[in-house]
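Please read the structure below before turning to the comments.
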Protein chains: 2
Amino acid sequence: MFRPEIKVIDCSVRDGGLMNKWQFDDNFVRKTYTALTEAGVDYMEIGYLSSESAFSRDEVGPWKFCAEADIRRIIGNSEKKIKLSAMADIGRIDYDDIPLKSESSLDMIRVACYAHQVDAAIELAHHCMDKGYETTINLMAVSTVVQRELDEALDDLSKSRVPIVYVVDSFGAFYSEDIDLLAKKYMDRLPGKTIGIHCHNNQQLAFANTITAIIDGINYLDASLYGIGRGAGNCPLELLISFLKNPKFRVRPLIEAIETVILPWQEKIDWGYYIPYMVAGALNQHPRAAMAHMESGRKNFITEFFDQATSAAELD
Amino acid sequence: MFRPEIKVIDCSVRDGGLMNKWQFDDNFVRKTYTALTEAGVDYMEIGYLSSESAFSRDEVGPWKFCAEADIRRIIGNSEKKIKLSAMADIGRIDYDDIPLKSESSLDMIRVACYAHQVDAAIELAHHCMDKGYETTINLMAVSTVVQRELDEALDDLSKSRVPIVYVVDSFGAFYSEDIDLLAKKYMDRLPGKTIGIHCHNNQQLAFANTITAIIDGINYLDASLYGIGRGAGNCPLELLISFLKNPKFRVRPLIEAIETVILPWQEKIDWGYYIPYMVAGALNQHPRAAMAHMESGRKNFITEFFDQATSAAELD
């Protein structure tokens, strides 16, 4: 599928960092940056943009902040051939802590929000645009938002200047038919805007749902190396790049990066297809309980988790 | 998706056995049998039907043969509430070694063949039907068959008495659009017959492609516990049962079986999403080179495998 409007955004460091508090060393981030550049990936999301006052550097690594000095240490002084993105959470970044684009190596700031936060998200995104950045709004967890609330949020977004809006399947709960329906809804309610997709792989559907999104006309595609990301992880970038027929893309640098920096992390953190994540996705639940179970020392006691999750669902 | 015509066939022992020469102990097979029964799965494919003269019991376990005495030891004397299936490969089973249905605990024999073997497969399938069995023909590796040859094979099958014909993505190479096209072709060329689907998970699309097949009207669905099967494995049964909305199905017994008998095998054999399998699938290659690489002691040297596989593809 070759369509020049398609842009691929790698989220390895940003979403993967949700599993290790962004404790990736410089070698990891630099290797990822180099590999993505060589593979022709359009954007690297290098972390979150947070105020230093919001978190302690004793607890989280540098990619929770994306300070310019840290980014500079990674990318060096040679010409940057991939765009850099950072994600901003509402309430975790003071406007004054966002540098002007002319003073930053970042190209894009993506504002993540829940549907009820959409007004605050638009204000923050407009601020970022006024400082010179490309921006998107990533509307999280739409699988749990009632139709009226989602429609209202989309109508607010349609009146904004924000050019790109994401469908985010935070809980890995969607089937391809859901993607079809949401893609159509977003396009109908957001005329003239570009739509993006960010999937989680709880039901092994992140790649398939991304393909569905492409067929539906969605053009901003999130993925990560070997799917590294929260819980079951994201759409595997190597699969997506292999599928896209744009000749600018190359798979080999991604395979090499997986070998050298991703596989070692797989021995330390458990993203990917595990039954607790699958159960959370099938039940359309936040992954936090599944992640706690995976870290409890009882991760293979999956029937116990199933019983807890299904009785929680009945009580909801 | 509730459609009464849908039948689910578990292939855990049969396809999983390709990874360990069917060396599952009786506890594994009995637990699988019990769990599938409790989950409401329609068929359990318990192994291959082979003549004792074709393989040595010193090298392969009992489920390469599916002798009646072995099956009896598993299922005991209580009422059988799930149908049992065995797969027959052309040339590995003498007709005389196939018991009459009245003398067997098997309900169905599925004949696996390549397109060029379809006449021999039809003859064997007719023989099985005449002995009283349900039968299917599973046309393997159709991702490598040229259109004319596939059309001829389907036309031969349309003239046969065999009621069920499978689309088999042996190499895990298909995207959903391929499934759409093949489902339509099989239905057009095989009027009155039931179509089945058997996917491999090289590109994390086995479940997604099975959903696509359901939407396309395919009614016989293969899957296995936690996807256990050759190479990247099959469509995970727990995902499929969770997706199907037929109230007769239950997910919990499958989770419990995965916990007690599948997870221990995961420490010994490498099915699932690994880069060598992904590369083989993306290149539409037989998984044997990827499996050899995984067993070579160099399984994490994935760039080396990528280079070998892509240069082999260029020479093809």
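Chain labels follow the order of the structure tokens: the first chain is A, the next B, and so on; residue numbering restarts at 1 in every chain, and ligands are counted from 1 in their shown order.
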**Prompt:** Where does DSSP see strand (DSSP E) in segment 14-246 of chain A, if you list the residues as a PyMOL selection string?
**Reply:** chain A and resi 43-48+83-89+108-113+134-139+164-169+194-199+220-223
Take the residues that were just selected and, keeping N, CA and C atoms, output them as a CSV table (one decimal), in the first residue's frame.
chain,number,residue,atom,x,y,z
A,43,TYR,N,8.8,9.8,11.7
A,43,TYR,CA,8.9,10.5,13.0
A,43,TYR,C,9.4,9.5,14.1
A,44,MET,N,10.2,10.0,15.0
A,44,MET,CA,10.6,9.2,16.2
A,44,MET,C,10.0,10.0,17.4
A,45,GLU,N,9.1,9.3,18.1
A,45,GLU,CA,8.6,9.9,19.3
A,45,GLU,C,9.6,9.5,20.5
A,46,ILE,N,10.4,10.5,20.9
A,46,ILE,CA,11.5,10.2,21.8
A,46,ILE,C,11.1,10.2,23.2
A,47,GLY,N,9.9,10.7,23.6
A,47,GLY,CA,9.5,10.6,25.0
A,47,GLY,C,8.3,11.5,25.3
A,48,TYR,N,8.2,11.8,26.5
A,48,TYR,CA,7.2,12.7,27.0
A,48,TYR,C,7.8,14.1,27.2
A,83,LYS,N,12.1,13.3,11.7
A,83,LYS,CA,11.5,14.3,12.6
A,83,LYS,C,11.4,13.7,14.0
A,84,LEU,N,11.5,14.6,15.0
A,84,LEU,CA,11.3,14.1,16.4
A,84,LEU,C,10.0,14.6,17.0
A,85,SER,N,9.4,13.8,17.7
A,85,SER,CA,8.1,14.1,18.4
A,85,SER,C,8.2,13.9,19.9
A,86,ALA,N,7.5,14.6,20.6
A,86,ALA,CA,7.3,14.3,22.1
A,86,ALA,C,5.8,14.4,22.4
A,87,MET,N,5.4,13.6,23.4
A,87,MET,CA,4.0,13.6,23.8
A,87,MET,C,3.9,14.4,25.0
A,88,ALA,N,2.8,15.2,25.1
A,88,ALA,CA,2.5,16.0,26.3
A,88,ALA,C,1.2,15.6,26.9
A,89,ASP,N,1.2,15.3,28.2
A,89,ASP,CA,0.0,15.0,28.9
A,89,ASP,C,-0.5,16.2,29.6
A,108,MET,N,7.5,18.0,16.5
A,108,MET,CA,6.1,17.8,16.7
A,108,MET,C,5.8,17.5,18.2
A,109,ILE,N,4.7,18.1,18.6
A,109,ILE,CA,4.2,17.8,20.0
A,109,ILE,C,2.8,17.2,19.9
A,110,ARG,N,2.7,16.0,20.4
A,110,ARG,CA,1.4,15.3,20.4
A,110,ARG,C,0.8,15.4,21.8
A,111,VAL,N,-0.4,16.0,21.8
A,111,VAL,CA,-1.1,16.2,23.1
A,111,VAL,C,-2.1,15.0,23.3
A,112,ALA,N,-1.8,14.3,24.4
A,112,ALA,CA,-2.7,13.1,24.7
A,112,ALA,C,-3.7,13.6,25.7
A,113,CYS,N,-5.0,13.2,25.5
A,113,CYS,CA,-6.0,13.5,26.5
A,113,CYS,C,-7.2,12.6,26.4
A,134,GLU,N,4.5,21.3,14.8
A,134,GLU,CA,3.5,20.5,14.3
A,134,GLU,C,2.8,19.9,15.5
A,135,THR,N,1.5,19.7,15.5
A,135,THR,CA,0.8,19.2,16.6
A,135,THR,C,-0.3,18.2,16.2
A,136,THR,N,-0.6,17.3,17.1
A,136,THR,CA,-1.7,16.3,17.0
A,136,THR,C,-2.4,16.3,18.3
A,137,ILE,N,-3.6,15.9,18.3
A,137,ILE,CA,-4.3,15.5,19.6
A,137,ILE,C,-4.7,14.0,19.5
A,138,ASN,N,-4.2,13.3,20.5
A,138,ASN,CA,-4.4,11.9,20.6
A,138,ASN,C,-5.5,11.6,21.7
A,139,LEU,N,-6.7,11.3,21.2
A,139,LEU,CA,-7.8,11.1,22.1
A,139,LEU,C,-7.8,9.7,22.6
A,164,ILE,N,-4.3,17.4,13.1
A,164,ILE,CA,-4.3,15.9,13.1
A,164,ILE,C,-4.9,15.4,14.4
A,165,VAL,N,-5.8,14.5,14.3
A,165,VAL,CA,-6.4,13.9,15.4
A,165,VAL,C,-6.3,12.3,15.3
A,166,TYR,N,-6.0,11.8,16.5
A,166,TYR,CA,-5.7,10.3,16.5
A,166,TYR,C,-6.9,9.5,17.1
A,167,VAL,N,-7.2,8.4,16.5
A,167,VAL,CA,-7.9,7.3,17.2
A,167,VAL,C,-6.9,6.5,18.0
A,168,VAL,N,-7.2,6.4,19.3
A,168,VAL,CA,-6.3,5.6,20.2
A,168,VAL,C,-7.0,4.5,20.9
A,169,ASP,N,-6.6,3.3,20.6
A,169,ASP,CA,-7.2,2.1,21.2
A,169,ASP,C,-6.3,1.7,22.4
A,194,THR,N,-6.4,15.5,9.2
A,194,THR,CA,-5.7,14.2,9.0
A,194,THR,C,-6.0,13.4,10.2
A,195,ILE,N,-6.2,12.1,10.0
A,195,ILE,CA,-6.5,11.2,11.1
A,195,ILE,C,-5.4,10.2,11.3
A,196,GLY,N,-5.1,9.9,12.6
A,196,GLY,CA,-4.0,9.0,12.9
A,196,GLY,C,-4.6,7.8,13.7
A,197,ILE,N,-3.8,6.8,13.8
A,197,ILE,CA,-4.2,5.6,14.6
A,197,ILE,C,-3.1,5.1,15.5
A,198,HIS,N,-3.4,4.8,16.7
A,198,HIS,CA,-2.5,4.2,17.7
A,198,HIS,C,-3.1,3.0,18.3
A,199,CYS,N,-2.6,1.8,18.1
A,199,CYS,CA,-3.2,0.6,18.6
A,199,CYS,C,-2.4,-0.1,19.7
A,220,TYR,N,-1.7,8.8,9.5
A,220,TYR,CA,-0.7,8.8,10.6
A,220,TYR,C,-0.7,7.5,11.3
A,221,LEU,N,0.4,6.8,11.3
A,221,LEU,CA,0.4,5.4,11.8
A,221,LEU,C,1.5,5.2,12.9
A,222,ASP,N,1.0,4.9,14.1
A,222,ASP,CA,2.0,4.6,15.2
A,222,ASP,C,2.4,3.2,15.2
A,223,ALA,N,3.6,3.0,15.6
A,223,ALA,CA,4.2,1.6,15.7
A,223,ALA,C,5.4,1.7,16.6
**Request:** Using only C-alpha atoms, find which residues of chain A lie within 7 Å of chain B and jot them down as a list of chain:residue names.
**Result:**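 Listing them in order of chain and number gives A:Gln203, A:Gln204, A:Leu205, A:Ala208, A:Leu239, A:Ile255, A:Glu256, A:Glu259, A:Asn300, A:Phe301, A:Ile302, A:Thr303.
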Residues of the last selection are to be written out with C-alpha atoms, as a compact mmCIF listing (two decimals), in the first residue's frame.
# COMPACT_ATOMS: atom_id res chain seq x y z
CA GLN A 203 -5.75 -9.25 21.15
CA GLN A 204 -2.96 -9.51 18.55
CA LEU A 205 -4.87 -7.04 16.40
CA ALA A 208 -4.29 -5.82 11.54
CA LEU A 239 5.58 -5.60 10.28
CA ILE A 255 15.74 -5.94 12.47
CA GLU A 256 19.26 -4.96 13.46
CA GLU A 259 18.63 -7.57 17.75
CA ASN A 300 1.70 -17.48 35.12
CA PHE A 301 -1.31 -17.78 37.46
CA ILE A 302 -3.51 -16.66 34.61
CA THR A 303 -6.71 -18.38 35.69
**Item:** Long-range neighbours of segment 147-153 of chain B as number ranges by chain, 8 Å cut-off, only C-alpha atoms, 6 positions minimum in chain
**Value:** B: 115-116, 118, 189
**Asked** Pick the closest to Gln117 of chain B from B:Ile93, B:Leu157, B:Ala289, B:Ile75: which is it, counting only C-alpha atoms?
**Response**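 Closest to Gln117 of chain B of all the choices is B:Leu157.
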**Message:** Residues of segment 125-308 of chain B classed as helix (DSSP H, G or I) by DSSP on the backbone are to be reported as a PyMOL selection string.
**Reply:** chain B and resi 125-130+142-144+147-158+176-189+206-215+225-227+237-243+252-266+275-282+288-294+302-308
**Atomic distance atom CA of Gly217 of chain A - atom CA of Ile9 of chain A, expressed in Å with one decimal** =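 A separation of 16.3 Å between them.
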**Message:** Between A:Pro287, A:Gly40, A:Gly229, A:Pro247, which residue has the minimum interatomic distance to Phe2 of chain A, considering only C-alpha atoms?
**Reply:** A:Pro247
**Asked** What lies within 10 Å of Ser53 of chain B using only C-alpha atoms, ignoring chain neighbours under 4 positions off, as a ChimeraX atom specification?
**Response** /B:57,92-94
**Message:** Using Å and a single decimal, report how far atom CA of Arg3 of chain B sits from atom CA of Lys185 of chain A.
**Reply:**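 Computed distance, atom CA of Lys185 of chain A to atom CA of Arg3 of chain B, equals 27.8 Å.
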**Prompt:** Between atom CA of Glu123 of chain B and atom CA of Ser160 of chain B, what is the distance, to one decimal in Å?
**Reply:**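 Taking atom CA of Glu123 of chain B and atom CA of Ser160 of chain B, their separation equals 9.0 Å.
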